[in-house]
>>> print(open('model-v6.cif').read())   # mmCIF, C-alpha atoms, pLDDT in the B column; chains and numbers go by the auth columns
data_coords
#
loop_
_atom_site.group_PDB
_atom_site.id
_atom_site.type_symbol
_atom_site.label_atom_id
_atom_site.label_comp_id
_atom_site.label_asym_id
_atom_site.label_seq_id
_atom_site.Cartn_x
_atom_site.Cartn_y
_atom_site.Cartn_z
_atom_site.B_iso_or_equiv
_atom_site.auth_seq_id
_atom_site.auth_asym_id
ATOM 1 C CA MET A 1 -100.032 73.004 48.544 77.00 1 U
ATOM 2 C CA ASN A 2 -100.173 71.227 45.187 88.00 2 U
ATOM 3 C CA THR A 3 -99.350 67.581 44.434 90.00 3 U
ATOM 4 C CA ALA A 4 -95.831 68.254 43.130 88.00 4 U
ATOM 5 C CA ASN A 5 -94.887 70.132 46.309 89.00 5 U
ATOM 6 C CA ARG A 6 -96.402 67.380 48.469 92.00 6 U
ATOM 7 C CA ILE A 7 -94.161 64.852 46.725 92.00 7 U
ATOM 8 C CA THR A 8 -91.145 67.082 47.404 91.00 8 U
ATOM 9 C CA MET A 9 -92.154 67.433 51.063 94.00 9 U
ATOM 10 C CA ALA A 10 -92.485 63.642 51.256 93.00 10 U
ATOM 11 C CA ARG A 11 -88.885 63.358 50.000 94.00 11 U
ATOM 12 C CA ILE A 12 -87.722 65.675 52.783 94.00 12 U
ATOM 13 C CA ALA A 13 -89.783 63.703 55.336 95.00 13 U
ATOM 14 C CA LEU A 14 -88.062 60.469 54.250 96.00 14 U
ATOM 15 C CA ILE A 15 -84.618 61.847 55.194 96.00 15 U
ATOM 16 C CA PRO A 16 -85.021 61.425 58.994 96.00 16 U
ATOM 17 C CA LEU A 17 -86.438 57.939 58.357 96.00 17 U
ATOM 18 C CA PHE A 18 -83.343 57.087 56.325 97.00 18 U
ATOM 19 C CA MET A 19 -81.182 58.301 59.227 96.00 19 U
ATOM 20 C CA LEU A 20 -83.191 56.297 61.764 93.00 20 U
ATOM 21 C CA PHE A 21 -82.865 53.008 59.887 95.00 21 U
ATOM 22 C CA PHE A 22 -79.245 53.586 58.815 95.00 22 U
ATOM 23 C CA THR A 23 -77.984 54.295 62.344 91.00 23 U
ATOM 24 C CA LYS A 24 -76.229 51.492 64.207 88.00 24 U
ATOM 25 C CA TRP A 25 -77.443 51.509 67.799 86.00 25 U
ATOM 26 C CA PRO A 26 -75.335 50.480 70.837 86.00 26 U
ATOM 27 C CA ALA A 27 -75.228 46.737 71.528 85.00 27 U
ATOM 28 C CA TRP A 28 -76.455 47.191 75.114 85.00 28 U
ATOM 29 C CA LEU A 29 -79.568 48.915 73.803 85.00 29 U
ATOM 30 C CA ALA A 30 -80.168 46.123 71.296 83.00 30 U
ATOM 31 C CA GLU A 31 -80.033 43.593 74.140 85.00 31 U
ATOM 32 C CA VAL A 32 -82.960 45.209 75.965 86.00 32 U
ATOM 33 C CA SER A 33 -85.039 46.186 72.929 87.00 33 U
ATOM 34 C CA GLY A 34 -86.244 43.919 70.158 87.00 34 U
ATOM 35 C CA ILE A 35 -86.936 46.948 67.966 90.00 35 U
ATOM 36 C CA ILE A 36 -83.351 48.210 68.277 89.00 36 U
ATOM 37 C CA GLN A 37 -82.063 44.709 67.588 91.00 37 U
ATOM 38 C CA PHE A 38 -84.229 44.579 64.451 91.00 38 U
ATOM 39 C CA LEU A 39 -82.926 47.994 63.353 90.00 39 U
ATOM 40 C CA ASN A 40 -79.318 46.870 63.842 87.00 40 U
ATOM 41 C CA ASN A 41 -79.893 43.654 61.876 90.00 41 U
ATOM 42 C CA TYR A 42 -82.078 44.878 59.026 91.00 42 U
ATOM 43 C CA GLY A 43 -82.168 48.667 59.265 92.00 43 U
ATOM 44 C CA SER A 44 -79.487 49.248 56.618 92.00 44 U
ATOM 45 C CA TYR A 45 -81.537 47.351 54.013 93.00 45 U
ATOM 46 C CA ILE A 46 -84.628 49.389 54.835 95.00 46 U
ATOM 47 C CA ALA A 47 -82.509 52.573 54.716 96.00 47 U
ATOM 48 C CA ILE A 48 -81.353 51.696 51.189 95.00 48 U
ATOM 49 C CA GLY A 49 -84.978 51.201 50.129 96.00 49 U
ATOM 50 C CA ILE A 50 -85.926 54.560 51.641 96.00 50 U
ATOM 51 C CA PHE A 51 -83.012 56.272 49.881 97.00 51 U
ATOM 52 C CA VAL A 52 -83.976 54.759 46.509 95.00 52 U
ATOM 53 C CA LEU A 53 -87.626 55.736 47.040 95.00 53 U
ATOM 54 C CA ALA A 54 -86.700 59.280 48.052 94.00 54 U
ATOM 55 C CA SER A 55 -84.355 59.628 45.066 93.00 55 U
ATOM 56 C CA GLY A 56 -87.090 58.425 42.728 89.00 56 U
ATOM 57 C CA THR A 57 -89.483 61.125 43.894 89.00 57 U
ATOM 58 C CA ASP A 58 -87.075 63.720 42.463 83.00 58 U
ATOM 59 C CA LYS A 59 -88.100 62.836 38.911 84.00 59 U
ATOM 60 C CA LEU A 60 -91.725 62.320 39.909 88.00 60 U
ATOM 61 C CA ASP A 61 -92.319 65.773 41.415 86.00 61 U
ATOM 62 C CA GLY A 62 -90.683 67.453 38.411 82.00 62 U
ATOM 63 C CA TYR A 63 -92.820 65.418 36.004 84.00 63 U
ATOM 64 C CA VAL A 64 -96.036 66.215 37.911 88.00 64 U
ATOM 65 C CA ALA A 65 -95.147 69.913 38.154 84.00 65 U
ATOM 66 C CA ARG A 66 -94.566 70.204 34.389 84.00 66 U
ATOM 67 C CA LYS A 67 -97.427 67.981 33.233 86.00 67 U
ATOM 68 C CA TYR A 68 -100.084 69.582 35.432 84.00 68 U
ATOM 69 C CA ASN A 69 -98.678 73.121 35.385 85.00 69 U
ATOM 70 C CA GLN A 70 -97.870 73.056 39.104 83.00 70 U
ATOM 71 C CA ILE A 71 -94.567 74.919 38.939 80.00 71 U
ATOM 72 C CA THR A 72 -94.440 77.305 41.902 79.00 72 U
ATOM 73 C CA ASN A 73 -91.841 79.444 43.660 76.00 73 U
ATOM 74 C CA LEU A 74 -92.141 77.148 46.674 77.00 74 U
ATOM 75 C CA GLY A 75 -91.400 74.153 44.464 77.00 75 U
ATOM 76 C CA LYS A 76 -88.398 75.910 42.913 76.00 76 U
ATOM 77 C CA LEU A 77 -87.037 76.400 46.434 76.00 77 U
ATOM 78 C CA LEU A 78 -87.930 73.024 47.940 83.00 78 U
ATOM 79 C CA ASP A 79 -86.945 70.696 45.068 84.00 79 U
ATOM 80 C CA PRO A 80 -83.209 71.492 44.922 82.00 80 U
ATOM 81 C CA LEU A 81 -83.132 71.832 48.721 86.00 81 U
ATOM 82 C CA ALA A 82 -84.594 68.324 49.113 90.00 82 U
ATOM 83 C CA ASP A 83 -82.005 66.914 46.686 90.00 83 U
ATOM 84 C CA LYS A 84 -79.109 68.555 48.498 91.00 84 U
ATOM 85 C CA LEU A 85 -80.367 67.443 51.919 94.00 85 U
ATOM 86 C CA LEU A 86 -80.872 63.849 50.799 95.00 86 U
ATOM 87 C CA ILE A 87 -77.444 63.493 49.193 95.00 87 U
ATOM 88 C CA SER A 88 -75.635 65.402 51.966 96.00 88 U
ATOM 89 C CA VAL A 89 -77.228 63.382 54.772 96.00 89 U
ATOM 90 C CA ALA A 90 -76.462 60.098 53.001 97.00 90 U
ATOM 91 C CA LEU A 91 -72.825 61.109 52.468 97.00 91 U
ATOM 92 C CA ILE A 92 -72.364 62.261 56.071 97.00 92 U
ATOM 93 C CA MET A 93 -73.916 59.055 57.437 96.00 93 U
ATOM 94 C CA MET A 94 -71.670 56.994 55.144 97.00 94 U
ATOM 95 C CA VAL A 95 -68.566 58.839 56.377 97.00 95 U
ATOM 96 C CA GLN A 96 -69.657 58.157 59.962 95.00 96 U
ATOM 97 C CA ALA A 97 -70.058 54.461 59.081 94.00 97 U
ATOM 98 C CA ASP A 98 -66.569 54.392 57.450 95.00 98 U
ATOM 99 C CA MET A 99 -68.086 53.490 54.087 95.00 99 U
ATOM 100 C CA ILE A 100 -66.502 56.414 52.226 96.00 100 U
ATOM 101 C CA ALA A 101 -63.616 58.806 52.840 96.00 101 U
ATOM 102 C CA SER A 102 -64.493 62.187 54.310 97.00 102 U
ATOM 103 C CA TRP A 103 -62.946 64.038 51.328 97.00 103 U
ATOM 104 C CA VAL A 104 -65.579 62.472 49.062 97.00 104 U
ATOM 105 C CA ALA A 105 -68.376 64.026 51.116 97.00 105 U
ATOM 106 C CA VAL A 106 -66.509 67.344 51.441 97.00 106 U
ATOM 107 C CA ILE A 107 -66.121 67.704 47.654 96.00 107 U
ATOM 108 C CA MET A 108 -69.727 66.783 46.860 96.00 108 U
ATOM 109 C CA ILE A 109 -71.286 68.905 49.590 96.00 109 U
ATOM 110 C CA SER A 110 -68.959 71.872 48.931 96.00 110 U
ATOM 111 C CA ARG A 111 -69.986 71.882 45.281 94.00 111 U
ATOM 112 C CA GLU A 112 -73.615 72.303 46.342 90.00 112 U
ATOM 113 C CA PHE A 113 -72.745 75.192 48.683 90.00 113 U
ATOM 114 C CA VAL A 114 -70.839 76.996 45.923 92.00 114 U
ATOM 115 C CA ILE A 115 -73.589 76.550 43.313 88.00 115 U
ATOM 116 C CA THR A 116 -76.283 77.556 45.819 84.00 116 U
ATOM 117 C CA GLY A 117 -74.266 80.684 46.654 85.00 117 U
ATOM 118 C CA LEU A 118 -74.008 81.547 42.966 85.00 118 U
ATOM 119 C CA ARG A 119 -77.758 81.098 42.533 80.00 119 U
ATOM 120 C CA MET A 120 -78.413 83.350 45.521 79.00 120 U
ATOM 121 C CA ILE A 121 -76.240 86.079 43.993 80.00 121 U
ATOM 122 C CA ALA A 122 -78.066 85.682 40.692 79.00 122 U
ATOM 123 C CA SER A 123 -81.456 85.759 42.400 74.00 123 U
ATOM 124 C CA ALA A 124 -80.549 89.009 44.152 76.00 124 U
ATOM 125 C CA GLN A 125 -79.890 90.463 40.683 76.00 125 U
ATOM 126 C CA GLY A 126 -83.210 89.176 39.342 75.00 126 U
ATOM 127 C CA ILE A 127 -81.556 86.395 37.343 75.00 127 U
ATOM 128 C CA ALA A 128 -82.814 82.803 37.529 70.00 128 U
ATOM 129 C CA LEU A 129 -80.071 80.249 36.917 72.00 129 U
ATOM 130 C CA ALA A 130 -81.559 76.938 35.804 71.00 130 U
ATOM 131 C CA ALA A 131 -79.977 73.570 36.435 73.00 131 U
ATOM 132 C CA ASP A 132 -78.091 72.201 33.442 80.00 132 U
ATOM 133 C CA LYS A 133 -78.027 68.671 32.017 87.00 133 U
ATOM 134 C CA LEU A 134 -74.575 67.972 33.411 90.00 134 U
ATOM 135 C CA GLY A 135 -75.847 68.799 36.888 86.00 135 U
ATOM 136 C CA LYS A 136 -78.774 66.422 36.438 86.00 136 U
ATOM 137 C CA TRP A 137 -76.460 63.631 35.287 93.00 137 U
ATOM 138 C CA LYS A 138 -74.286 64.387 38.309 94.00 138 U
ATOM 139 C CA MET A 139 -77.269 63.801 40.597 91.00 139 U
ATOM 140 C CA VAL A 140 -78.113 60.503 38.859 93.00 140 U
ATOM 141 C CA LEU A 141 -74.519 59.249 39.161 96.00 141 U
ATOM 142 C CA GLN A 142 -74.327 60.317 42.803 96.00 142 U
ATOM 143 C CA VAL A 143 -77.479 58.332 43.603 96.00 143 U
ATOM 144 C CA ILE A 144 -76.186 55.245 41.741 95.00 144 U
ATOM 145 C CA ALA A 145 -72.792 55.476 43.479 96.00 145 U
ATOM 146 C CA ILE A 146 -74.335 55.940 46.925 96.00 146 U
ATOM 147 C CA VAL A 147 -76.649 52.953 46.437 95.00 147 U
ATOM 148 C CA ALA A 148 -73.735 50.815 45.163 95.00 148 U
ATOM 149 C CA VAL A 149 -71.641 51.673 48.227 95.00 149 U
ATOM 150 C CA LEU A 150 -74.589 51.141 50.589 95.00 150 U
ATOM 151 C CA LEU A 151 -75.077 47.696 49.035 93.00 151 U
ATOM 152 C CA GLY A 152 -71.400 46.864 49.613 90.00 152 U
ATOM 153 C CA ASN A 153 -70.609 46.351 45.919 85.00 153 U
ATOM 154 C CA TYR A 154 -73.596 44.026 45.475 84.00 154 U
ATOM 155 C CA PRO A 155 -74.346 42.544 42.897 83.00 155 U
ATOM 156 C CA PHE A 156 -71.040 43.398 41.180 84.00 156 U
ATOM 157 C CA GLN A 157 -69.130 41.110 43.562 83.00 157 U
ATOM 158 C CA TRP A 158 -70.728 38.132 41.801 87.00 158 U
ATOM 159 C CA PHE A 159 -69.085 38.997 38.485 85.00 159 U
ATOM 160 C CA THR A 160 -65.779 40.653 39.351 85.00 160 U
ATOM 161 C CA SER A 161 -63.312 41.272 42.165 86.00 161 U
ATOM 162 C CA ILE A 162 -63.117 44.929 41.136 90.00 162 U
ATOM 163 C CA GLN A 163 -64.683 47.333 43.634 93.00 163 U
ATOM 164 C CA VAL A 164 -67.223 48.767 41.191 93.00 164 U
ATOM 165 C CA ASP A 165 -68.920 50.739 43.980 93.00 165 U
ATOM 166 C CA ASN A 166 -65.673 52.608 44.699 95.00 166 U
ATOM 167 C CA ILE A 167 -65.153 53.297 40.986 96.00 167 U
ATOM 168 C CA LEU A 168 -68.703 54.635 40.688 96.00 168 U
ATOM 169 C CA MET A 169 -68.139 56.888 43.708 97.00 169 U
ATOM 170 C CA LEU A 170 -64.873 58.182 42.226 97.00 170 U
ATOM 171 C CA LEU A 171 -66.668 58.890 38.922 97.00 171 U
ATOM 172 C CA ALA A 172 -69.417 60.679 40.862 97.00 172 U
ATOM 173 C CA VAL A 173 -66.795 62.864 42.556 97.00 173 U
ATOM 174 C CA CYS A 174 -65.199 63.670 39.175 97.00 174 U
ATOM 175 C CA LEU A 175 -68.546 64.522 37.576 97.00 175 U
ATOM 176 C CA THR A 176 -69.452 66.601 40.625 96.00 176 U
ATOM 177 C CA LEU A 177 -66.292 68.681 40.139 96.00 177 U
ATOM 178 C CA ILE A 178 -66.675 68.919 36.355 96.00 178 U
ATOM 179 C CA SER A 179 -70.351 69.895 36.524 94.00 179 U
ATOM 180 C CA GLY A 180 -69.617 72.475 39.223 93.00 180 U
ATOM 181 C CA ILE A 181 -66.793 74.092 37.259 94.00 181 U
ATOM 182 C CA ASN A 182 -68.872 74.006 34.074 92.00 182 U
ATOM 183 C CA TYR A 183 -71.825 75.641 35.853 89.00 183 U
ATOM 184 C CA LEU A 184 -69.613 78.375 37.275 89.00 184 U
ATOM 185 C CA VAL A 185 -67.967 79.093 33.904 87.00 185 U
ATOM 186 C CA GLN A 186 -71.303 79.112 32.036 84.00 186 U
ATOM 187 C CA ASN A 187 -73.122 81.367 34.493 83.00 187 U
ATOM 188 C CA PHE A 188 -70.436 83.528 36.067 75.00 188 U
ATOM 189 C CA LYS A 189 -70.323 85.873 33.093 73.00 189 U
ATOM 190 C CA ILE A 190 -74.099 86.322 33.231 72.00 190 U
ATOM 191 C CA LEU A 191 -73.880 87.920 36.653 68.00 191 U
ATOM 192 C CA LYS A 192 -73.227 91.642 37.007 58.00 192 U
ATOM 193 C CA LEU A 193 -70.411 91.117 39.470 53.00 193 U
ATOM 194 C CA ASN A 194 -69.170 94.683 39.058 43.00 194 U
ATOM 195 C CA ASP A 195 -72.331 95.903 40.820 51.00 195 U
ATOM 196 C CA MET A 196 -71.516 93.924 43.968 49.00 196 U
#
>>> encode(input="model-v6.cif", output="structure tokens")
Amino acid sequence: MNTANRITMARIALIPLFMLFFTKWPAWLAEVSGIIQFLNNYGSYIAIGIFVLASGTDKLDGYVARKYNQITNLGKLLDPLADKLLISVALIMMVQADMIASWVAVIMISREFVITGLRMIASAQGIALAADKLGKWKMVLQVIAIVAVLLGNYPFQWFTSIQVDNILMLLAVCLTLISGINYLVQNFKILKLNDM
């Protein structure tokens, strides 16, 4: 396994760690365990750091793969899978914590299912559908919005009473929809759907 794929695997390995630190444990358990008490008090901050670190490895593995000619079929499979897992897990955990509405997670995750389905159809026809720039910007905005919500609108609360984190999340939802529709329109005609 090359360096780029190791970085991608590290991103996937960080996802359960994010879940562990983000989870709020029962109070009775915190009373009998100093570790659980620590996780309840400071775990969310560590989880944010893990999420930011994991998100940052997305650009790093792509850079390493291109610079050192380490582009592989395994990497092509794992890289988008790692992105989807990271974002989906974060959204689901945030819904569970009442930080975002469930429809936000449904829209973002559904978009990934639809695009993945389209890519699978294309792959079966021997066609490789590459990610477009709008999709990459969508990922960047999703990460920024998730971090802003996880931070509870910090540091924007110092400058304005406007819930900037909620606005960023709404923009991320809009860009998710727009990029998904754009991707479908751009690539749907490429597929030989009449052969299906």
>>> resolve_selection(input="model-v6.cif", expression="the PyMOL selection byres ((chain U and resi 42-55) around 10)", output="PyMOL selection string")
chain U and resi 7-8+10-15+17-24+36-41+56-60+82-83+86-87+90+139-140+143-144+146-148+150-151
>>> atom_distance(input="model-v6.cif", atom1="CA of Asp98 (chain U)", atom2="CA of Val149 (chain U)")
10.9 Å
>>> closest_residue(input="model-v6.cif", among="U:Ala4, U:Met99, U:Val32, U:Ile190", to="Ala128 (chain U)", atoms="all atoms listed in the file")
U:Ile190
>>> atom_distance(input="model-v6.cif", atom1="CA of Leu184 (chain U)", atom2="CA of Met120 (chain U)")
13.0 Å
>>> residues_around(input="model-v6.cif", residues="region 157-173 of chain U", least_positions_apart="6", cutoff="7 Å", atoms="only C-alpha atoms", output="number ranges by chain")
U: 104, 108, 138, 141-142, 145, 148-149
>>> resolve_selection(input="model-v6.cif", expression="the PyMOL selection byres ((chain U and resi 72) around 12)", output="list in words")
Met1, Asn2, Thr3, Ala4, Asn5, Asp61, Gly62, Val64, Ala65, Arg66, Tyr68, Asn69, Gln70, Ile71, Asn73, Leu74, Gly75, Lys76, Leu77, Leu78 and Asp79 of chain U
>>> atom_distance(input="model-v6.cif", atom1="CA of Gln186 (chain U)", atom2="CA of Ala124 (chain U)")
18.2 Å
>>> closest_residue(input="model-v6.cif", among="U:Ala122, U:Leu129, U:Leu134, U:Ile35", to="Gly180 (chain U)", atoms="only C-alpha atoms")
U:Leu134
>>> closest_residue(input="model-v6.cif", among="U:Lys67, U:Gly152, U:Ala27, U:Tyr183", to="Thr116 (chain U)", atoms="only C-alpha atoms")
U:Tyr183
>>> axis_aligned_box(input="model-v6.cif", around="region 94-110 of chain U", padding_each_side="4 Å", output="AutoDock Vina command-line options")
--center_x -67.3 --center_y 62.7 --center_z 53.4 --size_x 16.7 --size_y 26.4 --size_z 21.1
>>> closest_residue(input="model-v6.cif", among="U:Ser88, U:Ser102, U:Ser179, U:Gln96", to="Lys136 (chain U)", atoms="all atoms listed in the file")
U:Ser179
>>> closest_residue(input="model-v6.cif", among="U:Ile107, U:Pro16, U:Arg6, U:Ser33", to="Met93 (chain U)", atoms="only C-alpha atoms")
U:Pro16
